[in-house]
Structures are given as structure tokens and as C-alpha cells.
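A.B. asks: Handing over model.txt, compact mmCIF, C-alpha atoms.
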# COMPACT_ATOMS: atom_id res chain seq x y z
CA MET I 1 0.00 0.00 0.00
CA LEU I 2 2.75 2.42 1.03
CA GLY I 3 4.79 1.49 -2.03
CA THR I 4 1.83 2.20 -4.32
CA LEU I 5 1.29 5.60 -2.68
CA LYS I 6 4.96 6.53 -3.09
CA ALA I 7 4.88 5.52 -6.75
CA THR I 8 1.73 7.59 -7.31
CA VAL I 9 3.29 10.66 -5.66
CA LYS I 10 6.47 10.24 -7.68
CA LEU I 11 4.48 10.02 -10.92
CA TYR I 12 2.46 13.13 -9.96
CA VAL I 13 5.61 15.14 -9.27
CA LYS I 14 7.14 14.05 -12.58
CA LEU I 15 4.03 14.93 -14.59
CA ASN I 16 3.64 18.25 -12.77
CA TYR I 17 7.24 19.18 -13.59
CA ARG I 18 6.74 18.35 -17.27
CA ILE I 19 3.52 20.34 -17.51
CA THR I 20 5.01 23.33 -15.68
CA HIS I 21 8.16 23.24 -17.82
CA TYR I 22 6.08 23.04 -21.00
CA PHE I 23 4.09 26.15 -20.19
CA MET I 24 6.98 28.15 -18.72
CA SER I 25 9.66 27.38 -21.34
CA HIS I 26 10.04 29.39 -24.52
CA PRO I 27 11.46 28.30 -27.90
CA ALA I 28 14.27 30.82 -27.37
CA ASP I 29 15.58 28.58 -24.58
CA LYS I 30 16.63 26.04 -27.23
CA VAL I 31 18.49 28.50 -29.45
CA LYS I 32 22.23 28.84 -28.94
CA ILE I 33 22.90 32.44 -29.92
CA GLU I 34 24.47 35.49 -28.27
CA GLU I 35 22.17 36.72 -25.50
CA GLY I 36 21.64 40.22 -26.90
CA TRP I 37 20.51 38.78 -30.22
CA LYS I 38 18.35 36.21 -28.47
CA GLN I 39 16.42 39.00 -26.76
CA ALA I 40 16.32 41.26 -29.83
CA LEU I 41 14.79 38.43 -31.88
CA TYR I 42 12.77 36.94 -29.03
CA ASN I 43 9.48 36.90 -30.93
CA GLU I 44 10.97 35.05 -33.91
CA TRP I 45 11.95 31.81 -32.21
CA GLY I 46 8.39 30.66 -31.62
CA LYS I 47 6.98 31.57 -35.03
CA SER I 48 5.77 28.79 -37.29
CA TYR I 49 8.27 29.57 -40.07
CA PHE I 50 11.21 29.19 -37.68
CA GLN I 51 9.86 25.97 -36.22
CA GLY I 52 9.41 24.72 -39.79
CA LEU I 53 12.99 25.71 -40.59
CA ARG I 54 14.27 23.76 -37.59
CA GLU I 55 12.31 20.69 -38.68
CA PHE I 56 13.61 21.05 -42.25
CA LEU I 57 17.24 21.12 -41.05
CA LYS I 58 16.59 18.21 -38.72
CA THR I 59 15.14 16.17 -41.59
CA GLU I 60 18.09 17.03 -43.84
CA LYS I 61 20.46 15.76 -41.17
CA GLN I 62 18.43 12.58 -40.57
CA ASN I 63 18.55 11.88 -44.30
CA GLY I 64 22.34 11.99 -44.23
CA ILE I 65 22.65 15.24 -46.13
CA HIS I 66 25.79 17.25 -45.37
CA ILE I 67 25.01 20.86 -44.44
CA PHE I 68 27.38 23.80 -44.26
CA PRO I 69 28.39 25.42 -42.03
CA PRO I 70 28.53 22.90 -39.17
CA GLY I 71 25.71 23.30 -36.63
CA PRO I 72 27.70 25.20 -33.97
CA LEU I 73 28.72 27.80 -36.59
CA ILE I 74 25.30 28.54 -38.11
CA PHE I 75 24.88 31.58 -35.83
CA ASN I 76 28.59 32.43 -35.75
CA ALA I 77 28.02 35.93 -37.16
CA PHE I 78 25.89 36.76 -34.11
CA HIS I 79 28.43 35.35 -31.67
CA LYS I 80 31.32 37.24 -33.24
CA THR I 81 29.34 40.49 -33.43
CA PRO I 82 27.09 40.84 -30.36
CA TRP I 83 23.89 42.87 -30.66
CA ASP I 84 25.21 45.84 -28.69
CA GLN I 85 28.41 46.08 -30.77
CA VAL I 86 27.03 46.27 -34.33
CA LYS I 87 28.36 49.24 -36.33
CA ALA I 88 28.20 48.00 -39.91
CA VAL I 89 26.59 45.16 -41.85
CA ILE I 90 27.88 43.28 -44.90
CA ILE I 91 25.20 41.12 -46.52
CA GLY I 92 26.09 38.02 -48.51
CA GLN I 93 23.87 35.46 -50.24
CA ASP I 94 24.29 31.92 -48.93
CA PRO I 95 27.26 30.12 -47.31
CA TYR I 96 30.08 28.66 -49.37
CA HIS I 97 29.10 25.10 -50.29
CA GLY I 98 32.58 23.55 -50.55
CA PRO I 99 34.09 21.39 -47.76
CA GLY I 100 35.63 23.42 -44.96
CA GLN I 101 34.79 26.80 -46.47
CA ALA I 102 31.73 28.08 -44.57
CA HIS I 103 32.09 29.18 -40.97
CA GLY I 104 29.07 31.42 -40.53
CA LEU I 105 30.48 34.75 -41.72
CA SER I 106 29.61 36.15 -45.15
CA PHE I 107 32.51 36.17 -47.65
CA SER I 108 34.89 34.75 -45.02
CA VAL I 109 36.63 31.37 -44.86
CA PRO I 110 38.61 29.75 -42.03
CA MET I 111 42.38 29.98 -41.82
CA GLY I 112 44.09 27.54 -44.16
CA VAL I 113 41.32 27.62 -46.77
CA ARG I 114 42.03 29.15 -50.17
CA THR I 115 40.71 32.71 -50.50
CA PRO I 116 37.58 32.67 -52.74
CA PRO I 117 37.53 34.82 -55.91
CA SER I 118 34.99 37.35 -54.56
CA LEU I 119 37.07 37.93 -51.46
CA LYS I 120 40.19 38.36 -53.56
CA ASN I 121 38.40 41.19 -55.35
CA ILE I 122 37.36 42.69 -52.00
CA TYR I 123 41.02 42.68 -50.99
CA LYS I 124 42.03 44.32 -54.30
CA GLU I 125 39.55 47.11 -53.63
CA LEU I 126 40.90 47.53 -50.09
CA VAL I 127 44.46 47.89 -51.42
CA GLU I 128 43.29 50.82 -53.55
CA ASP I 129 40.89 52.29 -50.98
CA ILE I 130 42.69 52.05 -47.63
CA PRO I 131 46.22 53.52 -47.35
CA GLY I 132 48.68 50.92 -46.09
CA PHE I 133 46.39 47.93 -46.60
CA THR I 134 48.39 44.90 -47.70
CA MET I 135 47.03 41.85 -49.49
CA PRO I 136 46.32 39.15 -46.84
CA ALA I 137 47.52 35.59 -47.30
CA HIS I 138 44.26 34.19 -45.92
CA GLY I 139 40.50 34.72 -46.17
CA ASN I 140 39.48 34.87 -42.52
CA LEU I 141 37.46 38.02 -41.72
CA GLU I 142 36.81 37.36 -38.03
CA LYS I 143 38.72 40.54 -37.13
CA TRP I 144 36.07 42.57 -38.96
CA ALA I 145 33.27 40.80 -37.09
CA GLU I 146 34.98 41.37 -33.75
CA GLN I 147 35.09 45.12 -34.47
CA GLY I 148 31.35 45.38 -35.04
CA VAL I 149 30.89 44.38 -38.68
CA LEU I 150 27.99 41.92 -38.86
CA MET I 151 28.90 39.45 -41.62
CA LEU I 152 25.39 38.28 -42.47
CA ASN I 153 24.30 35.88 -45.19
CA ALA I 154 20.69 36.04 -46.40
CA THR I 155 20.56 32.25 -46.03
CA LEU I 156 22.48 30.71 -43.15
CA THR I 157 22.82 27.10 -44.34
CA VAL I 158 23.36 25.23 -47.60
CA ARG I 159 23.67 21.65 -48.83
CA ALA I 160 27.19 20.50 -49.63
CA GLY I 161 27.91 21.23 -53.28
CA GLN I 162 24.49 22.75 -53.98
CA ALA I 163 24.40 26.54 -54.09
CA LYS I 164 21.12 28.16 -53.01
CA SER I 165 19.75 24.75 -51.95
CA HIS I 166 18.30 26.17 -48.71
CA HIS I 167 16.66 29.22 -50.28
CA LYS I 168 12.99 29.76 -49.45
CA LYS I 169 13.09 27.42 -46.47
CA GLY I 170 12.65 30.16 -43.89
CA TRP I 171 16.06 31.75 -43.60
CA GLU I 172 15.10 34.78 -45.68
CA GLN I 173 12.29 35.56 -43.26
CA PHE I 174 14.66 35.20 -40.34
CA THR I 175 17.39 37.45 -41.76
CA GLY I 176 14.66 39.91 -42.73
CA ALA I 177 13.69 40.00 -39.06
CA VAL I 178 17.34 40.59 -38.15
CA LEU I 179 17.54 43.59 -40.47
CA ASN I 180 14.16 44.86 -39.29
CA ALA I 181 15.34 44.75 -35.67
CA LEU I 182 18.55 46.61 -36.53
CA ASN I 183 16.62 49.14 -38.57
CA LYS I 184 14.14 49.93 -35.81
CA GLU I 185 16.26 49.60 -32.68
CA LYS I 186 19.50 51.24 -33.79
CA GLU I 187 20.65 54.36 -35.62
CA GLY I 188 23.65 55.28 -37.75
CA LEU I 189 24.57 51.77 -38.91
CA VAL I 190 26.41 51.42 -42.22
CA PHE I 191 25.00 48.78 -44.59
CA LEU I 192 27.29 47.61 -47.39
CA LEU I 193 25.00 46.20 -50.08
CA TRP I 194 26.86 44.48 -52.90
CA GLY I 195 24.85 43.15 -55.81
CA ARG I 196 21.13 43.07 -56.56
CA SER I 197 20.35 40.32 -54.06
CA ALA I 198 21.82 42.25 -51.11
CA GLN I 199 20.23 45.47 -52.31
CA ASP I 200 16.81 43.81 -52.48
CA VAL I 201 17.26 42.49 -48.93
CA GLY I 202 18.39 45.95 -47.83
CA LYS I 203 15.25 47.70 -49.04
CA ILE I 204 13.89 47.35 -45.51
CA ILE I 205 16.57 49.74 -44.21
CA ASP I 206 15.39 53.31 -43.57
CA PRO I 207 17.94 55.71 -45.14
CA SER I 208 16.84 58.47 -42.78
CA ARG I 209 18.14 56.39 -39.84
CA HIS I 210 21.06 54.53 -41.40
CA HIS I 211 23.61 54.68 -44.22
CA LYS I 212 23.31 52.46 -47.30
CA LEU I 213 26.34 51.98 -49.55
CA MET I 214 25.51 50.15 -52.77
CA ALA I 215 27.78 48.67 -55.42
CA ALA I 216 28.07 45.74 -57.79
CA HIS I 217 28.87 42.32 -56.33
CA PRO I 218 32.62 41.66 -55.93
CA SER I 219 32.31 38.40 -57.91
CA PRO I 220 34.53 38.18 -61.01
CA LEU I 221 31.29 37.59 -62.91
CA ALA I 222 30.45 41.27 -62.35
CA GLY I 223 33.29 42.21 -64.67
CA GLY I 224 35.11 44.44 -62.18
CA ALA I 225 32.17 46.78 -61.59
CA PHE I 226 32.81 46.52 -57.85
CA PHE I 227 36.17 48.27 -58.12
CA GLY I 228 36.30 51.94 -57.23
CA SER I 229 33.31 51.80 -54.86
CA LYS I 230 35.50 52.90 -51.91
CA HIS I 231 32.99 51.51 -49.43
CA PHE I 232 35.60 50.79 -46.79
CA SER I 233 36.91 54.33 -46.48
CA GLN I 234 33.34 55.66 -46.71
CA THR I 235 32.28 53.36 -43.88
CA ASN I 236 35.03 54.68 -41.64
CA GLN I 237 34.21 58.28 -42.50
CA LEU I 238 30.57 57.71 -41.58
CA LEU I 239 31.52 56.00 -38.31
CA GLU I 240 34.01 58.69 -37.32
CA ALA I 241 31.42 61.40 -38.03
CA GLN I 242 29.30 59.76 -35.31
CA GLY I 243 32.19 59.57 -32.86
CA LYS I 244 32.58 55.81 -33.36
CA THR I 245 35.87 53.95 -33.74
CA PRO I 246 36.63 53.23 -37.41
CA ILE I 247 37.19 49.69 -38.62
CA ASN I 248 40.73 48.43 -39.01
CA TRP I 249 40.21 46.53 -42.26
CA GLN I 250 43.60 44.86 -42.25
CA VAL I 251 43.31 41.14 -41.50
Here is a file; write its structure as C-alpha cells.
C.D. replies:
Amino acid sequence: MLGTLKATVKLYVKLNYRITHYFMSHPADKVKIEEGWKQALYNEWGKSYFQGLREFLKTEKQNGIHIFPPGPLIFNAFHKTPWDQVKAVIIGQDPYHGPGQAHGLSFSVPMGVRTPPSLKNIYKELVEDIPGFTMPAHGNLEKWAEQGVLMLNATLTVRAGQAKSHHKKGWEQFTGAVLNALNKEKEGLVFLLWGRSAQDVGKIIDPSRHHKLMAAHPSPLAGGAFFGSKHFSQTNQLLEAQGKTPINWQV
């Protein structure tokens, strides 16, 4: 009799904990992202599109599909550039889809990985635009992110070897929410919008509150139209005019 009572009480406590936890927890509790961003995007985590996105990525993984970047690096841009440190934003398209290339920062690759063609052109522009800038021997742009440059892709994941394979799965709505939060909650940010895709994404940005610098994409396919944009020196001029520390673009 006593044993049955104890078992009943134990079951009650267990069920009560589960019910309480269910109603008190929030989807944000499951997201591993920098705390400032977690709060700034608090309403996004529970929305149906984001839950659908999570299920899509889970299914991809269960089906043995390789996804880049690795899970812990999907929100790397937000970890490297906390919410309260954002000064500028560079918008890319989707992550690099080659092995070892993507690490969660637009245009950037880890140390030891060959510098992609678009980034080589970015470096060429920097050599002409920033006095003293020397051509780096690597393609890692973490130093930019750590100084307040949010290196944001419009889509944060991709299938291995399949460019744009995760388009229209929910990421565009999420990154739109990111830009909307920055647009409404901050002032004086500098948005570097390279190519039509980034410029379309950047339409949400209010030019009366922020600065929008637009140019062709740095890809070699653009035929060199990116060169001469001088976005890096312009960014620093705009930041200094607000009393903010300019970016040291040398990496």
C-alpha cells in the first residue's frame, strides 16, 4: 500500500514538472545564440516559419545530407558580433558550399582555406581604398566581425555542393527579421549592399536612420564593376562622423 502511494506521488511530481516546464519554457531557450541577439529576436523563435525551418534542417540531417556550415557555426556571425556592438553590416547570399569553407560569416573562410575569388576582389579594392592595406595571405574576416561588422548571409545554411539549396526554407524571413530589428532599434549603422540580391534584402533599411552603400557584387562575374566603390573608407568616415571607432580593415 505504502509502495503504491509513493509511486503515485512520484508520478504526480514528474508529470507536474513536465507540464510546468512546457508552459513556462520558450522556444528561445533552445536556441544557442548570443544573449543580446536572443532577446532582440525573441518573438521570432516561436513563429511557425522558424519551427518549420528547424524541422527542415533536422530532416536534412536525418537523411544523411551534409550541411554547411557545421551546426555550432550557423549563428557564428551573431556570436562574433554581439547585438550591442554592431556598427556596420555586410550582406552576402548563402554560405560557401565547398568542404571546410563556410564558418558562418559572409565572404569569409577559415584559416588555411584558399581565398575565394569574390574575397580576392574585395582585398584588391581595399588595397586601392585604404592607405597601407596589404594583401592578406588568408581569407578569414573574423577581425572585422569582432570590431562590429555583422557578416550576415541572407541564407544561413546550404547543402554541400548545392548553391542556393536552402533558399525559401525560412532563412530569408529570419534574416529579414534581423535587419528589421537593426533598422528599428539602432541608428547610424552602415550597410554595405553588394549586388542586386543584397540590395533587395536591404530595401527594408530606412535611409533616414542609417547609411546604405551600394555597389556591384565583388564576384569576377560582375566584370570588375565593384572596383572603385570605396565603401571601406566611406564606412570609416561615416563611423568617425558619429564619434565611433573606425574599422581596421587589415586582416
A.B. asks: Output as a Markdown table one row per residue of segment 24-98 of chain I within 12 Å of segment 210-229 of chain I: the closest atom pair and its distance in Å to one decimal place, counting all atoms listed in the file, sorted by chain and residue number ascending.
C.D. replies:
| residue | atom | partner | partner_atom | distance |
| --- | --- | --- | --- | --- |
| I:Lys87 | CA | I:His210 | CA | 10.3 |
| I:Ala88 | CA | I:His211 | CA | 9.2 |
| I:Val89 | CA | I:Lys212 | CA | 9.7 |
| I:Ile90 | CA | I:Leu213 | CA | 10.0 |
| I:Ile91 | CA | I:His217 | CA | 10.5 |
| I:Gly92 | CA | I:His217 | CA | 9.3 |
| I:Gln93 | CA | I:His217 | CA | 10.4 |
A.B. asks: Using only C-alpha atoms, determine which residues lie at most 9 Å from Thr134 of chain I, disregarding the query and same-chain residues fewer than 6 positions distant; provide the list as a list in words.
C.D. replies: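 After dropping sequence-adjacent residues, the list is Tyr123, Leu126, Val127, Gln250 and Val251 of chain I.
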A.B. asks: I want to know what sits within 6 Å of Thr81 of chain I, based on all atoms listed in the file, with residues of the same chain fewer than 4 positions away left out; could you give that as a VMD selection string?
C.D. replies: chain I and resid 145 to 146 148 150
A.B. asks: Calculate how many Å separate atom CA of Asp29 of chain I from atom CA of Phe75 of chain I, rounding to one decimal.
C.D. replies: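 A separation of 14.9 Å between them.
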A.B. asks: Nearest to Phe68 of chain I among I:Asn140, I:Thr157, I:Asn121, I:Ser106, with distances taken over only C-alpha atoms: which residue is it?
C.D. replies: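 The shortest atom-to-atom distance to Phe68 of chain I comes from I:Thr157.
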A.B. asks: Neighbours of segment 201-208 of chain I within 8 Å (all atoms listed in the file; same-chain residues fewer than 5 positions away dropped), as JSON, numbers by chain?
C.D. replies: {"I": [154, 176, 179, 180, 183, 191, 193]}
A.B. asks: Quote the spacing between atom CA of Lys230 of chain I and atom CA of Leu141 of chain I in Å to one decimal place.
C.D. replies: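 Pair atom CA of Lys230 of chain I / atom CA of Leu141 of chain I returns 18.1 Å.
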A.B. asks: I:Ala160, I:Leu41, I:Val113, I:Ala77: which is nearest Phe174 of chain I, counting all atoms listed in the file?
C.D. replies: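 Looking at the shortest contact to Phe174 of chain I, the residue is I:Leu41.
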A.B. asks: If you take every atom of segment 142-153 of chain I that the file lists and fit an axis-aligned box around them with 4 Å extra on each side, what centre and edge lengths come out in Å to one decimal, as lines of an AutoDock Vina configuration file?
C.D. replies:
center_x = 31.5
center_y = 40.6
center_z = -39.5
size_x = 22.4
size_y = 17.5
size_z = 19.4
A.B. asks: Given the choices I:Ser165, I:Thr245, I:Gln173, I:Gln147, which gets closest to Asp94 of chain I if the distance is worked out from only C-alpha atoms?
C.D. replies: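 The answer is I:Ser165, which sits nearest to Asp94 of chain I.
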A.B. asks: Return the single residue from I:His79, I:Lys169, I:His66, I:His97 that is closest to Glu35 of chain I, with distances computed using only C-alpha atoms.
C.D. replies: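 Nearest candidate to Glu35 of chain I out of I:His79, I:Lys169, I:His66, I:His97: I:His79.
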A.B. asks: Restricting the calculation to all atoms listed in the file: of I:Arg209, I:His103, I:Lys186, I:Lys124, which residue gets closest to Asn76 of chain I?
C.D. replies: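 So, comparing all the options, the nearest one is I:His103.
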A.B. asks: Atom CA of Gly98 of chain I and atom CA of Trp83 of chain I, how far apart in Å?
C.D. replies: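 The value is 29.1 Å.
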A.B. asks: Determine the nearest neighbour of Ala40 of chain I from the options I:Glu172, I:Glu142, I:Glu185, I:Glu55, counting all atoms listed in the file.
C.D. replies: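 Looking only at the distances to Ala40 of chain I, the closest residue turns out to be I:Glu185.
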A.B. asks: Please identify all polymer residues within 12 Å of Gln237 of chain I, counting all atoms listed in the file, omitting same-chain residues fewer than 6 positions from it, and present them as a PyMOL selection string.
C.D. replies: chain I and resi 130+188+190+211+230-231+243-247
